[in-house]
>>> print(open('query.txt').read())   # compact mmCIF, C-alpha atoms
# COMPACT_ATOMS: atom_id res chain seq x y z
CA MET O 1 136.50 53.04 48.03
CA LYS O 2 139.83 54.66 47.23
CA ASN O 3 141.16 53.91 43.76
CA ILE O 4 144.15 51.64 43.30
CA GLU O 5 147.20 53.94 43.19
CA ALA O 6 150.02 51.46 42.61
CA ILE O 7 150.60 47.83 41.61
CA PHE O 8 152.92 45.29 43.25
CA LEU O 9 153.94 42.20 41.27
CA ASP O 10 154.94 38.84 42.75
CA THR O 11 157.51 36.55 41.14
CA ASN O 12 154.87 34.17 39.79
CA VAL O 13 153.39 36.92 37.58
CA PHE O 14 156.60 36.97 35.54
CA GLU O 15 156.87 33.19 35.58
CA ALA O 16 153.28 32.77 34.34
CA ALA O 17 154.17 35.05 31.40
CA SER O 18 157.29 32.96 30.70
CA PHE O 19 159.28 36.09 31.58
CA GLU O 20 158.19 37.64 28.29
CA PHE O 21 156.86 41.20 28.32
CA THR O 22 154.97 40.50 25.12
CA ASP O 23 152.60 38.25 27.05
CA ASN O 24 149.16 39.61 26.20
CA ASN O 25 147.79 40.24 29.70
CA LEU O 26 151.04 41.41 31.29
CA GLU O 27 151.64 43.73 28.35
CA LYS O 28 148.09 45.10 28.66
CA LEU O 29 148.58 45.64 32.38
CA ILE O 30 151.80 47.60 31.82
CA SER O 31 150.15 49.70 29.08
CA PHE O 32 147.18 50.44 31.33
CA ALA O 33 149.46 51.46 34.20
CA GLN O 34 151.48 53.80 31.97
CA LYS O 35 148.32 55.39 30.56
CA TYR O 36 146.89 56.16 34.00
CA ASN O 37 150.22 56.98 35.69
CA LEU O 38 150.02 53.95 37.97
CA PRO O 39 153.50 52.91 39.14
CA ILE O 40 154.32 49.19 39.08
CA TYR O 41 156.57 47.96 41.90
CA ILE O 42 158.55 44.94 42.94
CA ASP O 43 160.90 44.72 45.90
CA GLU O 44 164.51 43.58 46.07
CA MET O 45 163.44 40.09 47.09
CA VAL O 46 161.18 39.66 44.04
CA TYR O 47 163.92 41.12 41.82
CA GLY O 48 166.38 38.45 42.93
CA GLU O 49 163.75 35.70 42.85
CA VAL O 50 162.81 36.52 39.23
CA LEU O 51 166.43 36.23 38.09
CA LYS O 52 166.77 32.91 39.97
CA ARG O 53 163.59 31.59 38.36
CA ILE O 54 164.77 32.67 34.91
CA GLU O 55 167.97 30.69 35.43
CA TYR O 56 166.10 27.65 36.78
CA LYS O 57 163.49 27.66 34.02
CA THR O 58 166.09 28.18 31.33
CA ASN O 59 168.00 25.11 32.54
CA GLU O 60 164.77 23.13 32.75
CA TRP O 61 163.66 24.09 29.25
CA VAL O 62 167.03 23.42 27.64
CA GLU O 63 167.52 20.07 29.36
CA GLY O 64 164.12 19.01 28.10
CA LEU O 65 164.90 19.84 24.47
CA LYS O 66 165.10 16.99 22.03
CA ASN O 67 167.85 16.92 19.44
CA GLU O 68 165.61 17.97 16.55
CA ARG O 69 164.72 21.10 18.48
CA LEU O 70 168.32 22.08 19.09
CA THR O 71 168.85 23.26 15.54
CA ILE O 72 165.75 25.48 15.66
CA PHE O 73 166.77 27.09 18.95
CA SER O 74 170.38 27.45 17.91
CA ARG O 75 169.35 29.44 14.85
CA THR O 76 167.34 31.73 17.12
CA PHE O 77 170.43 32.51 19.14
CA SER O 78 172.90 32.30 16.24
CA SER O 79 174.78 29.45 17.88
CA ILE O 80 176.96 27.39 15.58
CA PRO O 81 177.45 24.52 16.09
CA PRO O 82 174.21 23.87 18.02
CA SER O 83 174.72 23.15 21.68
CA LYS O 84 172.55 23.15 24.76
CA GLU O 85 175.02 25.39 26.57
CA ALA O 86 174.87 28.03 23.85
CA ILE O 87 171.07 27.92 23.84
CA ARG O 88 170.97 28.06 27.63
CA SER O 89 173.30 31.05 27.70
CA GLY O 90 171.47 32.88 24.91
CA MET O 91 168.04 32.30 26.41
CA PHE O 92 169.10 33.37 29.89
CA GLU O 93 170.77 36.50 28.56
CA ARG O 94 167.72 37.48 26.51
CA LEU O 95 165.14 36.89 29.26
CA SER O 96 167.22 38.40 32.05
CA THR O 97 167.95 41.46 29.89
CA LEU O 98 164.23 41.89 29.20
CA PHE O 99 163.57 41.86 32.92
CA THR O 100 166.46 44.06 34.08
CA SER O 101 165.78 46.56 31.27
CA SER O 102 162.20 46.94 32.48
CA THR O 103 163.51 47.95 35.90
CA SER O 104 166.24 50.26 34.62
CA ASP O 105 163.95 52.15 32.21
CA GLY O 106 161.31 52.79 34.90
CA THR O 107 158.65 50.43 33.54
CA ILE O 108 158.89 48.55 36.84
CA LEU O 109 160.23 50.25 39.96
CA THR O 110 162.14 48.47 42.70
CA ILE O 111 161.46 49.41 46.31
CA PRO O 112 164.17 48.71 48.91
CA SER O 113 163.73 46.18 51.70
CA ASP O 114 162.11 47.95 54.61
CA TYR O 115 160.61 45.35 56.90
CA HIS O 116 161.07 44.77 60.61
CA SER O 117 162.64 41.44 61.55
CA PHE O 118 160.35 41.05 64.55
CA GLU O 119 157.33 41.18 62.19
CA LEU O 120 158.83 38.36 60.14
CA ILE O 121 159.56 36.26 63.22
CA GLN O 122 156.11 36.89 64.61
CA LEU O 123 154.44 35.76 61.38
CA TYR O 124 156.64 32.64 61.27
CA HIS O 125 156.07 31.43 64.82
CA ALA O 126 152.35 32.24 64.80
CA GLY O 127 151.85 30.41 61.50
CA LEU O 128 150.22 33.50 59.97
CA PRO O 129 150.00 34.07 56.20
CA PRO O 130 152.04 33.40 54.19
CA PHE O 131 153.50 30.90 56.71
CA ASN O 132 150.21 28.99 57.10
CA VAL O 133 151.43 26.13 54.89
CA ASP O 134 153.20 22.83 55.51
CA ASN O 135 156.64 23.91 54.31
CA LYS O 136 156.86 27.17 56.22
CA LYS O 137 160.54 27.82 55.58
CA SER O 138 160.01 28.15 51.83
CA GLU O 139 157.70 31.11 52.43
CA PHE O 140 160.36 33.45 53.80
CA PRO O 141 160.88 35.23 50.42
CA ASP O 142 157.12 35.77 50.07
CA ALA O 143 156.83 37.01 53.64
CA ILE O 144 159.67 39.52 53.17
CA ALA O 145 158.21 40.75 49.88
CA MET O 146 154.75 41.24 51.40
CA LEU O 147 156.06 43.02 54.48
CA ASN O 148 157.98 45.36 52.18
CA ALA O 149 154.83 45.95 50.12
CA LYS O 150 152.71 46.61 53.22
CA ASN O 151 155.21 49.00 54.79
CA PHE O 152 155.66 50.82 51.49
CA ALA O 153 151.89 51.28 51.20
CA ILE O 154 151.64 52.60 54.75
CA LYS O 155 154.60 54.99 54.51
CA ASN O 156 153.46 56.40 51.16
CA ALA O 157 149.72 56.33 51.96
CA LYS O 158 149.05 54.44 48.75
CA ASN O 159 146.34 51.91 48.04
CA ILE O 160 148.29 49.16 46.26
CA LEU O 161 147.07 46.15 44.34
CA VAL O 162 149.17 43.00 44.88
CA ILE O 163 149.11 40.55 41.97
CA SER O 164 150.00 36.96 42.85
CA ASN O 165 148.52 33.50 42.37
CA ASP O 166 150.01 32.37 45.69
CA ASN O 167 147.29 31.51 48.22
CA GLY O 168 149.47 32.43 51.19
CA ILE O 169 150.14 35.89 49.74
CA ASN O 170 146.46 36.47 49.02
CA GLU O 171 145.61 35.48 52.60
CA PHE O 172 148.29 37.90 53.83
CA CYS O 173 146.67 40.65 51.77
CA ASN O 174 143.24 39.85 53.25
CA ALA O 175 144.67 39.92 56.76
CA ASN O 176 146.47 43.23 56.22
CA GLY O 177 143.94 45.20 54.19
CA LEU O 178 145.79 45.05 50.87
CA ALA O 179 143.89 44.73 47.61
CA HIS O 180 144.92 41.65 45.68
CA SER O 181 144.37 39.83 42.41
CA HIS O 182 145.51 36.40 41.31
CA MET O 183 146.53 37.32 37.73
CA PRO O 184 146.98 40.34 35.41
CA SER O 185 143.71 39.74 33.54
CA HIS O 186 141.73 39.87 36.80
CA ALA O 187 143.72 42.93 37.89
CA LEU O 188 142.76 44.67 34.64
CA HIS O 189 139.09 43.96 35.39
CA ILE O 190 139.46 45.61 38.81
CA LEU O 191 141.33 48.60 37.40
CA ASN O 192 138.91 49.13 34.51
CA SER O 193 136.02 49.24 36.97
CA GLN O 194 137.74 52.15 38.77
CA TYR O 195 139.48 54.03 36.01
CA ASN O 196 136.75 55.15 33.62
CA LEU O 197 135.77 58.67 32.59
CA ASN O 198 132.14 58.51 33.63
CA LYS O 199 133.07 57.58 37.20
CA PHE O 200 135.69 60.32 37.22
CA TYR O 201 133.10 62.87 36.06
CA LEU O 202 130.57 61.83 38.69
CA LYS O 203 133.21 61.82 41.45
CA TYR O 204 134.73 65.20 40.59
CA GLN O 205 131.73 67.05 39.13
CA GLU O 206 131.77 69.71 41.87
CA ARG O 207 135.51 70.22 41.45
CA ILE O 208 135.10 70.59 37.68
CA SER O 209 132.39 73.23 38.24
CA ALA O 210 134.63 75.11 40.67
CA GLN O 211 137.51 75.03 38.21
CA ILE O 212 135.28 76.40 35.44
CA GLU O 213 134.28 79.26 37.77
CA ASN O 214 137.94 80.03 38.47
CA TYR O 215 138.72 79.79 34.76
CA ILE O 216 136.14 82.49 34.00
CA LEU O 217 136.93 84.65 37.04
CA ASN O 218 140.62 84.67 36.12
CA ASN O 219 139.71 86.18 32.72
CA GLN O 220 140.77 83.14 30.73
CA ILE O 221 137.73 83.84 28.57
CA GLN O 222 137.58 87.32 27.06
CA PHE O 223 134.07 88.78 26.89
CA GLU O 224 133.14 91.84 24.83
CA PHE O 225 130.36 94.40 25.27
CA TYR O 226 129.40 96.64 22.36
CA GLY O 227 126.85 99.45 22.23
CA MET O 228 125.87 102.02 19.59
CA THR O 229 125.80 105.78 20.18
CA PHE O 230 123.20 108.16 18.79
CA ASN O 231 125.50 108.90 15.85
CA TYR O 232 125.93 105.16 15.14
CA ASP O 233 129.49 104.81 16.37
CA ASP O 234 130.24 101.47 18.01
CA VAL O 235 131.42 101.71 21.60
CA GLU O 236 133.25 98.90 23.34
CA ALA O 237 132.64 99.00 27.06
CA ASP O 238 134.91 97.95 29.87
CA TYR O 239 133.67 95.20 32.14
CA SER O 240 134.52 93.21 35.23
CA ILE O 241 132.93 90.06 36.61
CA GLU O 242 131.02 90.59 39.84
CA SER O 243 129.91 87.00 40.44
CA ILE O 244 129.43 83.68 38.69
CA ASN O 245 127.30 80.63 39.26
CA ILE O 246 127.32 77.27 37.48
CA ASP O 247 123.61 76.44 37.10
CA SER O 248 124.23 73.01 35.55
CA LEU O 249 127.00 70.91 34.07
CA ASN O 250 126.47 68.32 31.33
CA LEU O 251 128.83 65.64 30.05
CA LEU O 252 128.81 65.75 26.24
CA ALA O 253 131.47 63.25 25.15
CA GLU O 254 134.25 60.97 26.43
CA ASP O 255 137.46 59.76 24.85
CA ASP O 256 139.01 56.92 26.85
CA GLU O 257 142.02 56.66 24.56
CA TYR O 258 143.21 60.22 25.23
CA LEU O 259 141.60 60.63 28.69
CA THR O 260 139.57 63.65 27.62
CA MET O 261 135.94 64.64 27.92
CA SER O 262 133.76 67.51 26.76
CA VAL O 263 131.31 69.32 29.03
CA ALA O 264 128.80 72.13 28.64
CA ALA O 265 128.21 74.49 31.56
CA ASN O 266 125.13 76.68 31.90
CA VAL O 267 126.56 79.74 33.60
CA SER O 268 124.98 82.83 35.12
CA ILE O 269 127.45 85.72 35.21
CA SER O 270 126.93 89.16 36.73
CA PHE O 271 128.95 91.78 34.86
CA ILE O 272 129.75 95.32 35.92
CA VAL O 273 129.89 97.31 32.68
CA THR O 274 131.28 100.83 32.40
CA THR O 275 130.39 102.89 29.33
CA GLU O 276 129.72 106.40 28.07
CA GLN O 277 126.15 107.29 27.18
CA PHE O 278 125.71 109.95 24.55
CA PRO O 279 122.49 111.99 24.91
CA ASP O 280 120.15 112.27 21.95
CA TYR O 281 119.60 115.38 19.82
CA ASP O 282 117.06 116.77 22.29
CA TYR O 283 119.99 117.42 24.58
CA ALA O 284 122.35 118.71 21.90
CA ILE O 285 123.18 122.42 21.58
CA ARG O 286 123.58 124.27 18.28
CA ASP O 287 126.34 126.77 17.75
CA LYS O 288 124.53 129.38 15.60
CA GLU O 289 127.69 131.22 14.64
CA ASP O 290 129.42 128.18 13.17
CA ASP O 291 126.18 126.35 12.47
CA VAL O 292 127.56 123.24 14.24
CA TRP O 293 125.67 120.87 16.51
CA PHE O 294 127.53 119.53 19.45
CA THR O 295 126.70 117.62 22.57
CA TYR O 296 127.05 119.58 25.74
CA MET O 297 127.02 116.82 28.32
CA MET O 298 127.90 113.11 28.37
CA THR O 299 127.04 110.56 31.01
CA LYS O 300 129.42 107.89 32.26
CA ILE O 301 127.46 104.92 33.54
CA LYS O 302 128.51 101.87 35.50
CA PHE O 303 125.74 99.32 35.55
CA LEU O 304 125.18 95.73 36.61
CA THR O 305 123.83 93.20 34.14
CA GLU O 306 123.45 89.42 34.25
CA LYS O 307 123.90 87.02 31.36
CA THR O 308 123.02 83.34 31.30
CA ILE O 309 125.05 81.49 28.71
CA GLU O 310 126.22 78.00 27.78
CA ILE O 311 129.99 77.56 27.64
CA SER O 312 131.69 74.36 26.48
CA PHE O 313 135.06 73.01 27.57
CA ASP O 314 137.39 70.17 26.71
CA ILE O 315 138.86 68.52 29.79
CA LYS O 316 142.18 66.68 29.87
CA ILE O 317 142.64 64.48 32.93
CA ASP O 318 146.06 64.85 34.51
CA ASP O 319 145.59 62.52 37.47
CA PHE O 320 142.68 60.19 38.13
CA ASN O 321 143.40 59.95 41.84
CA ASP O 322 143.61 63.61 42.80
CA GLY O 323 141.13 64.91 40.22
CA SER O 324 143.55 67.34 38.57
CA ILE O 325 142.44 68.48 35.12
CA VAL O 326 143.32 70.97 32.38
CA LEU O 327 140.47 73.03 30.89
CA THR O 328 140.28 74.38 27.35
CA HIS O 329 137.44 76.71 26.36
CA THR O 330 135.93 75.53 23.08
CA SER O 331 132.69 77.46 22.48
CA GLY O 332 130.06 79.73 24.00
CA GLU O 333 128.62 83.23 23.66
CA THR O 334 131.20 85.85 24.57
CA ILE O 335 130.05 88.97 22.66
CA PHE O 336 127.07 91.01 23.89
CA ASP O 337 125.29 94.11 22.65
CA PHE O 338 123.82 96.82 24.81
CA ASP O 339 121.89 100.03 24.05
CA PRO O 340 123.52 103.01 25.77
CA GLY O 341 120.27 104.92 25.48
CA ASN O 342 118.25 102.18 27.10
CA LEU O 343 120.45 100.31 29.52
CA HIS O 344 119.06 97.20 31.12
CA GLY O 345 120.24 96.38 34.59
CA SER O 346 120.92 98.25 37.78
CA ILE O 347 122.77 101.56 37.43
CA ILE O 348 125.52 101.62 40.04
CA GLU O 349 127.14 104.98 39.22
CA GLN O 350 126.14 107.85 36.97
CA PHE O 351 127.83 111.20 36.50
CA GLN O 352 128.09 113.81 33.75
CA TYR O 353 130.94 115.71 32.27
CA ALA O 354 131.27 118.26 29.47
CA MET O 355 132.68 117.30 26.10
CA GLU O 356 135.52 119.30 24.65
>>> encode(input="query.txt", output="structure tokens")
Amino acid sequence: MKNIEAIFLDTNVFEAASFEFTDNNLEKLISFAQKYNLPIYIDEMVYGEVLKRIEYKTNEWVEGLKNERLTIFSRTFSSIPPSKEAIRSGMFERLSTLFTSSTSDGTILTIPSDYHSFELIQLYHAGLPPFNVDNKKSEFPDAIAMLNAKNFAIKNAKNILVISNDNGINEFCNANGLAHSHMPSHALHILNSQYNLNKFYLKYQERISAQIENYILNNQIQFEFYGMTFNYDDVEADYSIESINIDSLNLLAEDDEYLTMSVAANVSISFIVTTEQFPDYDYAIRDKEDDVWFTYMMTKIKFLTEKTIEISFDIKIDDFNDGSIVLTHTSGETIFDFDPGNLHGSIIEQFQYAME
């Protein structure tokens, strides 16, 4: 199943949270979405409906206040003398600002209306969700919002999760192949079951291995080959990577807070090493006149050798849905010794030249 890639909120989600973004479950949902780069959407219909419901609920709450409560609420909104109108105005301004700010700062994105009128009419006359209720006319806002959500999902090829406690909307989602949840807490349960590091690792294990191969092939890890000549001088050899194979990949640790994991790769690498081989004293020539020993010939050797090593990486997940990651090499053997007088591996080229 494809992971949820976006979230669509119905008006009743905001109403259930009393239009407060400090509501525990709504706040957790927003934090989760921001952490995993999941956009949260509403459409223009929901946007207008939320503001209407804020106004309606504000009037309802204020009209229901008893006199002893007026003083408490008036202090909250710095209204002197206390009055229902001042409280109503202050409450509406605060709640509507909370909502509109969330859309202007990108916390919640608004998609434009993009539904076909014939679809709306067809749903209405056929009594299809969300019009499969007694008072069908009242469902027009829901129908428009859901058609916008469906068309947005199709045009953008996104698997969206609609959150609403409206039965008609949930039936619409079932009929149109949209994932749905009746409240933020249930939505979080669905999302947590999809967005966890172990599932990501299992899903993208082959891609992680391939990226490690590319990381090594692109020389993002510097290896070193050292050998010792007959006169005990260290020689650093040039090398290139002929081939690489990831024999196994093991998950070492996970950090859900920072979306990172650590892995260890057992890697077989074939190196082509080029070095100069100094002959021993049996092949050295003595200059009797100057009483100096010197080497007459040297051998340049290019040979193939294979190393099997364990290399560890930290992985930062960029996007859960496309599997993009950033690798950082953390540990592993990168320095090797070789004996120029006793090379192990297949000699590819060998030629001699005189020393000056």
>>> atom_distance(input="query.txt", atom1="atom CA of Asp322 of chain O", atom2="atom CA of Pro39 of chain O")
15.0 Å
>>> residues_around(input="query.txt", residues="Thr328 of chain O", least_positions_apart="6", cutoff="10 Å", atoms="all atoms listed in the file", output="PyMOL selection string")
chain O and resi 212+215+220-221+262+312-316
>>> residues_around(input="query.txt", residues="Leu9 of chain O", least_positions_apart="2", cutoff="9 Å", atoms="all atoms listed in the file", output="NGL selection string")
:O and (7 or 11-14 or 40-43 or 46 or 161-164)
>>> atom_distance(input="query.txt", atom1="atom CA of Ser270 of chain O", atom2="atom CA of Ile335 of chain O")
14.4 Å
>>> closest_residue(input="query.txt", among="O:Leu178, O:Ile309, O:Ala126, O:Met261", to="Phe152 of chain O", atoms="only C-alpha atoms")
O:Leu178
>>> axis_aligned_box(input="query.txt", around="segment 30-35 of chain O", padding_each_side="6 Å", output="JSON")
{"center_x": 149.5, "center_y": 51.5, "center_z": 31.6, "size_x": 16.6, "size_y": 19.8, "size_z": 17.1}
>>> residues_near_point(input="query.txt", point="(159.1, 44.0, 35.1)", cutoff="12 Å", atoms="only C-alpha atoms", output="MDAnalysis selection string")
chainID O and resid 7:15 17 19:23 26:27 29:30 39:43 46:47 50:51 95:110
>>> closest_residue(input="query.txt", among="O:Glu44, O:Asn37, O:Gly323, O:Glu310", to="Pro112 of chain O", atoms="all atoms listed in the file")
O:Glu44
>>> residues_near_point(input="query.txt", point="(129.8, 100.9, 25.3)", cutoff="6 Å", atoms="all atoms listed in the file", output="NGL selection string")
:O and (226-227 or 235-237 or 275)
>>> atom_distance(input="query.txt", atom1="atom CA of Ser18 of chain O", atom2="atom CA of Glu60 of chain O")
12.5 Å
>>> residues_around(input="query.txt", residues="segment 199-205 of chain O", least_positions_apart="3", cutoff="8 Å", atoms="all atoms listed in the file", output="short mmCIF file (atom, residue, chain, number, x, y, z; two decimals) with C-alpha atoms, in the frame of the given file")
data_model
loop_
_atom_site.label_atom_id
_atom_site.label_comp_id
_atom_site.auth_asym_id
_atom_site.auth_seq_id
_atom_site.Cartn_x
_atom_site.Cartn_y
_atom_site.Cartn_z
CA GLN O 194 137.74 52.15 38.77
CA TYR O 195 139.48 54.03 36.01
CA ASN O 196 136.75 55.15 33.62
CA ILE O 208 135.10 70.59 37.68
CA SER O 209 132.39 73.23 38.24
CA LEU O 249 127.00 70.91 34.07
CA LEU O 251 128.83 65.64 30.05
CA PHE O 320 142.68 60.19 38.13
CA GLY O 323 141.13 64.91 40.22
#
>>> residues_around(input="query.txt", residues="Ile244 of chain O", least_positions_apart="6", cutoff="9 Å", atoms="all atoms listed in the file", output="ChimeraX atom specification")
/O:213,216-217,267-271
>>> write_last_selection(input="query.txt", atoms="C-alpha atoms", output="short mmCIF file (atom, residue, chain, number, x, y, z; two decimals), in the frame of the given file")
data_model
loop_
_atom_site.label_atom_id
_atom_site.label_comp_id
_atom_site.auth_asym_id
_atom_site.auth_seq_id
_atom_site.Cartn_x
_atom_site.Cartn_y
_atom_site.Cartn_z
CA GLU O 213 134.28 79.26 37.77
CA ILE O 216 136.14 82.49 34.00
CA LEU O 217 136.93 84.65 37.04
CA VAL O 267 126.56 79.74 33.60
CA SER O 268 124.98 82.83 35.12
CA ILE O 269 127.45 85.72 35.21
CA SER O 270 126.93 89.16 36.73
CA PHE O 271 128.95 91.78 34.86
#
>>> closest_residue(input="query.txt", among="O:Ala145, O:Ile241, O:Ala253, O:Ala6", to="Asn198 of chain O", atoms="all atoms listed in the file")
O:Ala253
>>> closest_residue(input="query.txt", among="O:Arg94, O:Lys150, O:Lys84, O:Lys35", to="Ala175 of chain O", atoms="all atoms listed in the file")
O:Lys150
>>> closest_residue(input="query.txt", among="O:Val62, O:Ile246, O:Ile154, O:Leu188", to="Ile87 of chain O", atoms="only C-alpha atoms")
O:Val62
>>> closest_residue(input="query.txt", among="O:Lys57, O:His186, O:Lys52, O:His329", to="Arg88 of chain O", atoms="all atoms listed in the file")
O:Lys57
